[in-house]
>>> print(open('entry-v1.txt').read())   # compact mmCIF, C-alpha atoms
# COMPACT_ATOMS: atom_id res chain seq x y z
CA MET A 1 129.29 96.59 136.59
CA THR A 2 128.12 98.59 139.61
CA ALA A 3 125.51 101.32 139.55
CA SER A 4 128.17 103.97 139.91
CA GLY A 5 130.10 102.44 137.02
CA ARG A 6 127.02 102.53 134.83
CA SER A 7 126.34 106.16 135.75
CA LEU A 8 129.92 107.15 134.89
CA THR A 9 129.65 105.33 131.58
CA GLY A 10 126.37 107.07 130.80
CA TRP A 11 127.90 110.47 131.62
CA ALA A 12 130.93 109.76 129.44
CA THR A 13 128.76 108.95 126.44
CA GLY A 14 125.88 111.35 127.06
CA PRO A 15 125.18 114.89 125.77
CA THR A 16 126.92 116.48 128.80
CA ALA A 17 130.22 114.85 127.88
CA GLY A 18 129.83 116.00 124.28
CA LEU A 19 129.44 119.57 125.53
CA LEU A 20 132.20 119.64 128.17
CA LEU A 21 134.93 117.53 126.57
CA PRO A 22 135.90 120.13 123.90
CA VAL A 23 135.87 122.79 126.64
CA LEU A 24 138.29 120.72 128.69
CA LEU A 25 140.60 120.11 125.74
CA ALA A 26 140.48 123.80 124.77
CA GLY A 27 141.33 124.74 128.37
CA ILE A 28 144.38 122.47 128.38
CA ASP A 29 145.46 123.90 125.04
CA ALA A 30 145.08 127.50 126.26
CA PHE A 31 146.96 126.77 129.48
CA LEU A 32 149.89 125.11 127.74
CA VAL A 33 150.15 127.86 125.14
CA GLY A 34 149.64 130.92 127.36
CA LYS A 35 151.06 129.88 130.73
CA ASP A 36 153.97 132.34 130.30
CA GLY A 37 151.85 135.11 128.76
CA THR A 38 150.50 138.31 130.27
CA TRP A 39 147.31 138.49 132.34
CA TRP A 40 145.23 139.99 129.53
CA GLU A 41 146.37 137.30 127.11
CA LEU A 42 145.31 134.68 129.62
CA LEU A 43 141.99 136.51 130.05
CA LEU A 44 141.27 136.48 126.30
CA SER A 45 142.20 132.81 126.10
CA SER A 46 139.92 132.04 129.08
CA ILE A 47 137.03 133.87 127.42
CA ALA A 48 137.61 131.82 124.26
CA VAL A 49 137.46 128.59 126.28
CA ALA A 50 134.39 129.59 128.31
CA ALA A 51 132.56 130.72 125.17
CA LEU A 52 132.48 127.12 123.93
CA LEU A 53 129.67 126.43 126.42
CA LEU A 54 127.41 128.54 124.17
CA ARG A 55 128.45 126.97 120.87
CA ARG A 56 125.28 124.91 120.34
CA ARG A 57 122.82 127.74 120.91
CA LEU A 58 124.92 130.71 119.69
CA PRO A 59 127.64 129.31 117.41
CA VAL A 60 128.43 132.57 115.58
CA LEU A 61 128.79 134.55 118.83
CA THR A 62 130.97 131.77 120.20
CA LEU A 63 133.32 132.05 117.23
CA LEU A 64 133.56 135.82 117.59
CA LEU A 65 134.46 135.42 121.27
CA THR A 66 137.23 132.95 120.45
CA LEU A 67 138.89 135.10 117.80
CA PRO A 68 140.61 137.62 120.17
CA GLY A 69 142.22 134.80 122.12
CA ALA A 70 143.32 133.12 118.89
CA TYR A 71 144.73 136.45 117.68
CA VAL A 72 147.03 137.06 120.66
CA GLU A 73 147.80 133.40 121.45
CA TYR A 74 148.37 130.36 119.27
CA ILE A 75 145.34 128.50 120.61
CA TRP A 76 143.69 126.28 118.06
CA ILE A 77 141.15 123.96 119.71
CA ALA A 78 138.73 126.69 120.85
CA PRO A 79 138.38 128.52 117.47
CA MET A 80 138.42 125.27 115.50
CA THR A 81 135.61 123.90 117.68
CA ALA A 82 133.69 127.13 117.16
CA VAL A 83 134.05 126.90 113.38
CA TYR A 84 132.84 123.29 113.50
CA SER A 85 129.82 124.36 115.58
CA VAL A 86 128.89 127.11 113.10
CA ALA A 87 129.03 124.64 110.21
CA ALA A 88 127.13 121.94 112.10
CA HIS A 89 124.36 124.10 113.59
CA ARG A 90 123.79 126.91 111.09
CA ALA A 91 121.90 126.17 107.89
CA SER A 92 123.61 128.90 105.85
CA VAL A 93 126.75 127.86 104.01
CA ARG A 94 127.57 131.53 103.46
CA ILE A 95 127.78 132.17 107.21
CA THR A 96 130.02 129.14 107.60
CA THR A 97 132.30 130.40 104.83
CA VAL A 98 132.54 133.88 106.37
CA CYS A 99 133.31 132.52 109.84
CA ALA A 100 135.96 130.11 108.54
CA THR A 101 137.54 132.94 106.51
CA LEU A 102 137.68 135.17 109.61
CA PHE A 103 139.46 132.46 111.58
CA ALA A 104 141.91 131.85 108.71
CA LEU A 105 142.73 135.59 108.50
CA VAL A 106 143.17 135.86 112.27
CA GLU A 107 145.42 132.82 112.24
CA TYR A 108 147.54 134.15 109.36
CA PHE A 109 147.80 137.80 110.47
CA HIS A 110 148.68 136.82 114.01
CA TRP A 111 149.64 139.40 116.63
CA PRO A 112 152.16 140.98 116.57
CA ILE A 113 151.94 141.79 112.86
CA ASP A 114 155.26 141.43 111.10
CA ALA A 115 156.30 142.71 107.68
CA SER A 116 157.27 139.19 106.62
CA MET A 117 153.56 138.30 106.51
CA PHE A 118 153.23 140.38 103.33
CA GLU A 119 156.29 138.97 101.59
CA VAL A 120 155.92 136.45 98.78
CA GLY A 121 157.90 133.35 99.62
CA ARG A 122 157.84 129.74 100.68
CA ASP A 123 157.26 130.46 104.37
CA THR A 124 154.41 132.84 103.59
CA ALA A 125 152.74 130.26 101.35
CA LEU A 126 153.12 127.55 104.01
CA ASN A 127 151.61 129.83 106.66
CA ALA A 128 148.70 130.66 104.35
CA ILE A 129 148.10 126.98 103.62
CA GLU A 130 148.27 126.13 107.31
CA SER A 131 145.77 128.86 108.25
CA THR A 132 143.42 127.82 105.47
CA MET A 133 143.52 124.15 106.48
CA LEU A 134 142.97 124.98 110.16
CA ALA A 135 139.77 126.80 109.20
CA ALA A 136 138.59 124.62 106.31
CA GLY A 137 139.01 121.28 108.12
CA PRO A 138 136.52 121.96 110.97
CA ALA A 139 134.15 123.68 108.55
CA ALA A 140 134.11 120.63 106.26
CA LEU A 141 133.59 118.25 109.19
CA GLY A 142 130.73 120.41 110.50
CA LEU A 143 129.03 120.51 107.11
CA LEU A 144 129.43 116.74 106.86
CA ALA A 145 127.89 116.24 110.30
CA ARG A 146 124.97 118.53 109.48
CA THR A 147 124.38 116.80 106.13
CA ARG A 148 124.46 113.41 107.83
CA ARG A 149 121.92 114.57 110.42
CA GLU A 150 119.62 115.98 107.76
CA LEU A 151 119.88 112.77 105.75
CA ALA A 152 119.00 110.73 108.84
CA GLU A 153 115.94 112.92 109.44
CA ARG A 154 114.99 112.60 105.80
CA ILE A 155 115.31 108.82 105.97
CA VAL A 156 113.02 108.78 109.00
CA GLN A 157 110.48 110.90 107.14
CA LEU A 158 110.69 108.66 104.08
CA THR A 159 110.26 105.57 106.25
CA GLU A 160 107.20 107.05 107.93
CA GLY A 161 105.83 108.05 104.53
CA GLN A 162 106.33 104.53 103.19
CA GLN A 163 104.60 103.10 106.24
CA ARG A 164 101.66 105.44 105.73
CA GLU A 165 101.49 104.48 102.06
CA SER A 166 101.59 100.80 103.01
CA ARG A 167 98.73 101.30 105.45
CA LEU A 168 96.73 103.20 102.86
CA LEU A 169 97.40 100.49 100.28
CA ALA A 170 96.33 97.81 102.75
CA GLU A 171 93.16 99.74 103.52
CA ARG A 172 92.47 100.15 99.82
CA VAL A 173 92.96 96.44 99.20
CA LEU A 174 90.77 95.68 102.21
CA GLY A 175 88.08 97.98 100.87
CA SER A 176 88.21 96.30 97.45
CA GLU A 177 88.03 92.86 99.05
CA ARG A 178 85.13 94.00 101.23
CA ALA A 179 83.27 95.25 98.16
CA ARG A 180 83.91 91.98 96.34
CA LEU A 181 82.67 89.92 99.29
CA ALA A 182 79.64 92.18 99.56
CA ARG A 183 78.79 91.56 95.92
CA GLU A 184 79.20 87.82 96.34
CA MET A 185 77.11 87.81 99.51
CA HIS A 186 74.41 89.83 97.81
CA ASP A 187 74.36 87.55 94.76
CA VAL A 188 74.19 84.32 96.78
CA VAL A 189 71.96 85.29 99.68
CA SER A 190 69.54 87.44 97.69
CA HIS A 191 69.11 84.62 95.19
CA GLN A 192 68.23 82.12 97.91
CA VAL A 193 65.93 84.50 99.75
CA SER A 194 64.25 85.47 96.48
CA LEU A 195 63.54 81.80 95.79
CA ILE A 196 62.05 81.45 99.27
CA SER A 197 59.86 84.49 98.67
CA ILE A 198 58.70 83.17 95.29
CA GLN A 199 57.90 79.74 96.71
CA ALA A 200 56.04 81.32 99.63
CA GLY A 201 54.06 83.48 97.22
CA ALA A 202 53.18 80.48 95.09
CA LEU A 203 52.07 78.55 98.17
CA GLN A 204 49.99 81.52 99.35
CA VAL A 205 48.12 81.58 96.04
CA SER A 206 47.70 77.85 95.53
CA THR A 207 46.80 76.59 99.01
CA ALA A 208 43.28 76.60 100.41
CA ASP A 209 44.36 76.06 104.01
CA PRO A 210 44.01 79.36 105.93
CA VAL A 211 46.84 78.47 108.30
CA ALA A 212 49.17 77.59 105.45
CA LYS A 213 48.13 80.77 103.61
CA ASP A 214 48.96 82.93 106.65
CA THR A 215 52.27 81.14 107.13
CA ALA A 216 53.19 81.63 103.46
CA ARG A 217 52.26 85.32 103.70
CA THR A 218 54.48 85.71 106.79
CA ILE A 219 57.37 83.96 105.06
CA ARG A 220 56.99 86.19 102.02
CA GLU A 221 56.93 89.37 104.13
CA LEU A 222 59.99 88.28 106.09
CA SER A 223 61.79 87.45 102.86
CA VAL A 224 61.06 90.86 101.38
CA ARG A 225 62.18 92.59 104.58
CA THR A 226 65.34 90.51 104.66
CA LEU A 227 66.15 91.46 101.07
CA GLU A 228 65.68 95.14 101.91
CA GLU A 229 68.00 94.98 104.92
CA LEU A 230 70.52 92.90 102.99
CA ARG A 231 70.53 95.51 100.24
CA GLN A 232 71.19 98.28 102.76
CA MET A 233 74.01 96.41 104.51
CA VAL A 234 75.66 95.53 101.21
CA GLY A 235 75.29 99.14 100.15
CA VAL A 236 77.14 100.28 103.26
CA LEU A 237 79.98 97.85 102.58
CA ARG A 238 80.27 98.83 98.95
CA ALA A 239 79.97 102.56 99.64
CA ALA A 240 83.07 102.72 101.87
CA GLY A 241 85.01 105.65 100.45
CA ALA A 242 82.73 105.97 97.42
CA ARG A 243 80.02 108.49 96.59
CA ARG A 244 76.45 107.26 96.83
CA ASP A 245 73.81 108.57 94.43
CA GLU A 246 70.89 107.48 96.62
CA PRO A 247 70.46 107.70 100.40
CA LEU A 248 70.26 104.63 102.59
CA ALA A 249 66.83 103.61 103.77
CA PRO A 250 65.94 104.46 107.39
CA GLN A 251 67.25 101.98 109.93
CA PRO A 252 64.73 100.18 112.19
CA ARG A 253 63.59 102.05 115.34
CA LEU A 254 61.47 101.27 118.38
CA ALA A 255 58.34 102.16 116.40
CA ASP A 256 59.05 99.17 114.15
CA LEU A 257 59.00 96.64 117.02
CA PRO A 258 55.24 95.89 116.88
CA ARG A 259 55.49 94.93 113.21
CA LEU A 260 58.57 92.78 113.94
CA ILE A 261 56.81 90.99 116.78
CA GLU A 262 53.64 90.52 114.77
CA GLY A 263 55.54 89.02 111.87
CA SER A 264 57.56 86.62 114.01
CA GLY A 265 54.78 84.01 114.06
CA LEU A 266 55.30 83.44 117.79
CA PRO A 267 52.81 83.76 120.66
CA VAL A 268 54.24 86.96 122.12
CA SER A 269 52.98 89.05 125.01
CA THR A 270 54.33 92.58 124.90
CA SER A 271 54.89 95.44 127.29
CA LEU A 272 56.39 98.30 125.30
CA THR A 273 56.74 101.41 127.47
CA PRO A 274 59.90 103.23 126.37
CA GLY A 275 59.06 106.19 128.62
CA GLY A 276 57.72 108.59 126.02
CA ARG A 277 61.11 110.12 125.31
CA ASP A 278 63.32 110.33 122.24
CA TRP A 279 66.10 107.79 122.61
CA PRO A 280 69.30 108.10 120.54
CA GLU A 281 69.12 106.37 117.17
CA ALA A 282 71.94 103.98 118.09
CA VAL A 283 70.06 102.90 121.25
CA GLU A 284 66.79 102.34 119.38
CA ARG A 285 68.56 100.36 116.70
CA ALA A 286 70.36 98.22 119.29
CA ALA A 287 67.06 97.54 121.08
CA TYR A 288 65.41 96.50 117.82
CA ARG A 289 68.29 94.18 116.91
CA THR A 290 68.22 92.63 120.38
CA VAL A 291 64.53 91.75 120.08
CA GLN A 292 65.02 90.56 116.50
CA GLU A 293 67.91 88.23 117.38
CA ALA A 294 66.12 86.86 120.46
CA LEU A 295 62.94 86.07 118.47
CA THR A 296 65.03 84.42 115.75
CA ASN A 297 66.76 82.20 118.31
CA ILE A 298 63.40 81.29 119.86
CA ARG A 299 62.00 80.30 116.46
CA LYS A 300 65.06 78.05 115.92
CA HIS A 301 65.45 76.49 119.37
CA ALA A 302 62.07 76.81 121.10
CA PRO A 303 59.27 76.96 118.50
CA GLY A 304 55.85 77.23 120.07
CA ALA A 305 57.17 78.48 123.41
CA GLU A 306 55.48 81.35 125.17
CA VAL A 307 57.37 84.59 124.68
CA SER A 308 57.26 87.93 126.45
CA VAL A 309 58.90 91.12 125.18
CA ARG A 310 59.32 93.96 127.64
CA LEU A 311 60.58 97.44 126.90
CA ALA A 312 60.83 99.91 129.77
CA ALA A 313 62.62 103.11 130.73
CA ARG A 314 64.74 103.00 133.87
CA GLY A 315 65.78 106.59 134.39
CA THR A 316 68.33 107.34 131.70
CA ARG A 317 68.56 103.69 130.63
CA LEU A 318 66.40 101.59 128.37
CA LEU A 319 65.65 98.03 129.49
CA VAL A 320 65.04 95.45 126.78
CA GLU A 321 64.03 91.97 127.92
CA VAL A 322 62.93 88.98 125.86
CA ARG A 323 61.92 85.91 127.84
CA ASN A 324 60.69 82.56 126.55
CA GLY A 325 59.47 79.49 128.33
CA PRO A 326 60.34 75.90 127.51
CA PRO A 327 59.15 74.62 124.14
CA PRO A 328 56.04 72.44 124.16
CA LEU A 329 56.64 68.72 124.23
CA GLY A 330 57.30 67.40 120.75
CA ALA A 331 57.60 70.85 119.23
CA ALA A 332 61.36 70.71 118.76
CA SER A 333 61.32 67.20 117.41
CA ALA A 334 58.66 68.17 114.91
CA LEU A 335 61.18 70.22 112.98
CA PRO A 336 62.68 68.23 110.10
CA ASP A 337 66.13 69.76 110.67
CA HIS A 338 67.77 72.61 112.53
CA LEU A 339 68.31 76.00 110.95
CA PRO A 340 71.95 76.93 110.53
CA GLY A 341 73.49 79.43 112.92
CA GLY A 342 76.98 80.83 113.37
CA GLY A 343 76.65 81.47 117.09
CA HIS A 344 77.76 85.11 116.66
CA GLY A 345 74.38 86.85 117.08
CA LEU A 346 74.40 87.30 120.84
CA VAL A 347 78.13 88.02 120.82
CA GLY A 348 77.60 90.83 118.34
CA LEU A 349 74.68 92.21 120.37
CA ARG A 350 76.78 92.17 123.53
CA GLU A 351 79.58 94.03 121.79
CA ARG A 352 77.08 96.56 120.40
CA ALA A 353 75.68 97.16 123.90
CA GLN A 354 79.15 97.56 125.39
CA LEU A 355 80.09 100.10 122.72
CA LEU A 356 77.07 102.13 123.77
CA GLY A 357 78.10 101.93 127.43
CA GLY A 358 75.49 99.33 128.36
CA SER A 359 75.37 95.60 128.92
CA LEU A 360 73.63 92.47 127.64
CA THR A 361 73.11 89.13 129.35
CA ALA A 362 71.68 85.87 128.02
CA ASP A 363 70.94 83.27 130.68
CA PRO A 364 68.84 80.08 130.89
CA ALA A 365 65.77 80.16 133.15
CA PRO A 366 65.02 77.56 135.84
CA ASP A 367 61.90 76.40 133.95
CA GLY A 368 63.95 75.51 130.86
CA GLY A 369 63.40 78.76 129.04
CA PHE A 370 65.81 81.56 128.26
CA THR A 371 66.10 85.28 129.02
CA VAL A 372 67.91 87.94 127.02
CA ARG A 373 68.23 91.25 128.84
CA ALA A 374 69.92 94.42 127.55
CA VAL A 375 70.41 97.70 129.42
CA LEU A 376 71.21 100.60 127.10
CA PRO A 377 72.07 104.13 128.28
CA ALA A 378 70.42 107.19 126.78
CA THR A 379 73.84 108.70 126.07
CA GLY A 380 74.84 106.00 123.58
CA GLU A 381 75.41 107.87 120.34
>>> encode(input="entry-v1.txt", output="structure tokens")
Amino acid sequence: MTASGRSLTGWATGPTAGLLLPVLLAGIDAFLVGKDGTWWELLLSSIAVAALLLRRRLPVLTLLLTLPGAYVEYIWIAPMTAVYSVAAHRASVRITTVCATLFALVEYFHWPIDASMFEVGRDTALNAIESTMLAAGPAALGLLARTRRELAERIVQLTEGQQRESRLLAERVLGSERARLAREMHDVVSHQVSLISIQAGALQVSTADPVAKDTARTIRELSVRTLEELRQMVGVLRAAGARRDEPLAPQPRLADLPRLIEGSGLPVSTSLTPGGRDWPEAVERAAYRTVQEALTNIRKHAPGAEVSVRLAARGTRLLVEVRNGPPPLGAASALPDHLPGGGHGLVGLRERAQLLGGSLTADPAPDGGFTVRAVLPATGE
């Protein structure tokens, strides 16, 4: 089909055709009925036809404009279309009934009025039935169309409501599953970390080796800190949508970095100059987590390597850099086994930095070491 053919098809089935087609049919009807009538009869019929252009916005006025033409001429399509429009576009059934009754009376007491209209007989009854059907038919069809449209809108609303309820149910189920997983994670991980803390405490008390005593103390402190953070994270997961009776503990900030570095057990050189300004809490927390994850990776993959932690302000951005050299010869092989890791730490830090409008890179160094560098803007809330 050509483009012109498609355009004609679209016009024939579009809203313009729905508006003009009844006007065209009413015009043909008025012409055939009143072609031998007087000029004023043709004028009233023409007004009735032209008034149909207003039937969607002003259906009652349209009907009133068609009644004079229907009174002096036997035109049907224009007033019947107007009655249909009143029923289809007006919410009041009473108005529809009044308009249909007016058309039925005009159709029955047609001009010129004859005495036979008031006689009781078969012809009078047939004329009354005909007038009533001409008015009631379009009114019934209009009410049916309006009811169908309202039902369609109601179905759409019900469908949207069901979709919202399904989403809410899914979120509720997800929240319940999250709480269950949080409980399981807390039970399993806290048990294992508690055992580590207990064993480290026992070793700290029983050993006479100063190095072993310091190592046991560090392990115990890290275990306690891990249990505290685990408790807070589990509390966040379990508190989704629920009321908490106790506030969450403060999240780590830049002021907590010296203690983190000291407790890492690594030979770290530091340069912490955040610029003497108050950084947003989200930025400070992201910086802390970046240093924490980098030190954890160094302990797992390069124990004994020299480490430098640098924190510096660059205008409105905070630079966080953790650099480590290659591990000493034999240090990696001295570990009995490798600590487990999911490989998601740096990915999560990179996503956190991007959410704040910053960036994070993790690249190997030419000397065999590794560098983690994060740039965090001061506007990251």
>>> atom_distance(input="entry-v1.txt", atom1="CA of Leu254 (chain A)", atom2="CA of Arg277 (chain A)")
11.2 Å
>>> residues_around(input="entry-v1.txt", residues="Ser194 (chain A)", least_positions_apart="4", cutoff="12 Å", atoms="only C-alpha atoms", output="VMD selection string")
chain A and resid 186 to 190 198 to 201 219 to 228 230
>>> write_last_selection(input="entry-v1.txt", atoms="C-alpha atoms", output="PDB file, keeping the file's coordinate frame")
ATOM      1  CA  HIS A 186      74.410  89.830  97.810  1.00  0.00           C
ATOM      2  CA  ASP A 187      74.360  87.550  94.760  1.00  0.00           C
ATOM      3  CA  VAL A 188      74.190  84.320  96.780  1.00  0.00           C
ATOM      4  CA  VAL A 189      71.960  85.290  99.680  1.00  0.00           C
ATOM      5  CA  SER A 190      69.540  87.440  97.690  1.00  0.00           C
ATOM      6  CA  ILE A 198      58.700  83.170  95.290  1.00  0.00           C
ATOM      7  CA  GLN A 199      57.900  79.740  96.710  1.00  0.00           C
ATOM      8  CA  ALA A 200      56.040  81.320  99.630  1.00  0.00           C
ATOM      9  CA  GLY A 201      54.060  83.480  97.220  1.00  0.00           C
ATOM     10  CA  ILE A 219      57.370  83.960 105.060  1.00  0.00           C
ATOM     11  CA  ARG A 220      56.990  86.190 102.020  1.00  0.00           C
ATOM     12  CA  GLU A 221      56.930  89.370 104.130  1.00  0.00           C
ATOM     13  CA  LEU A 222      59.990  88.280 106.090  1.00  0.00           C
ATOM     14  CA  SER A 223      61.790  87.450 102.860  1.00  0.00           C
ATOM     15  CA  VAL A 224      61.060  90.860 101.380  1.00  0.00           C
ATOM     16  CA  ARG A 225      62.180  92.590 104.580  1.00  0.00           C
ATOM     17  CA  THR A 226      65.340  90.510 104.660  1.00  0.00           C
ATOM     18  CA  LEU A 227      66.150  91.460 101.070  1.00  0.00           C
ATOM     19  CA  GLU A 228      65.680  95.140 101.910  1.00  0.00           C
ATOM     20  CA  LEU A 230      70.520  92.900 102.990  1.00  0.00           C
TER      21      LEU A 230
END
>>> atom_distance(input="entry-v1.txt", atom1="CA of Val173 (chain A)", atom2="CA of Met233 (chain A)")
19.7 Å
>>> closest_residue(input="entry-v1.txt", among="A:Arg172, A:Asn297, A:Glu41, A:Gly137", to="Met80 (chain A)", atoms="all atoms listed in the file")
A:Gly137
>>> axis_aligned_box(input="entry-v1.txt", around="region 149-163 of chain A", padding_each_side="6 Å", output="lines of an AutoDock Vina configuration file")
center_x = 113.3
center_y = 109.5
center_z = 106.8
size_x = 29.3
size_y = 24.9
size_z = 19.2
>>> closest_atom_pairs(input="entry-v1.txt", of="region 75-102 of chain A", to="region 13-34 of chain A", cutoff="7 Å", atoms="all atoms listed in the file", output="JSON lines")
{"residue": "A:Ile75", "atom": "CA", "partner": "A:Ala30", "partner_atom": "CA", "distance": 5.7}
{"residue": "A:Ile77", "atom": "CA", "partner": "A:Ala26", "partner_atom": "CA", "distance": 5.1}
{"residue": "A:Ala78", "atom": "CA", "partner": "A:Ala26", "partner_atom": "CA", "distance": 5.2}
>>> closest_residue(input="entry-v1.txt", among="A:Arg285, A:His301, A:Arg180, A:Arg310", to="Gly325 (chain A)", atoms="all atoms listed in the file")
A:His301
>>> atom_distance(input="entry-v1.txt", atom1="CA of Thr124 (chain A)", atom2="CA of Pro68 (chain A)")
22.1 Å
>>> closest_residue(input="entry-v1.txt", among="A:Glu281, A:Glu150, A:Asp367, A:Asp36", to="Glu306 (chain A)", atoms="all atoms listed in the file")
A:Asp367
>>> closest_residue(input="entry-v1.txt", among="A:Ala125, A:Lys35, A:Ala135, A:Pro112", to="Pro79 (chain A)", atoms="only C-alpha atoms")
A:Ala135
>>> closest_residue(input="entry-v1.txt", among="A:Arg323, A:Arg373, A:Arg317, A:Arg164", to="Leu356 (chain A)", atoms="only C-alpha atoms")
A:Arg317
>>> closest_residue(input="entry-v1.txt", among="A:Pro274, A:Pro327, A:Gly263, A:Gly345", to="Glu293 (chain A)", atoms="all atoms listed in the file")
A:Gly345
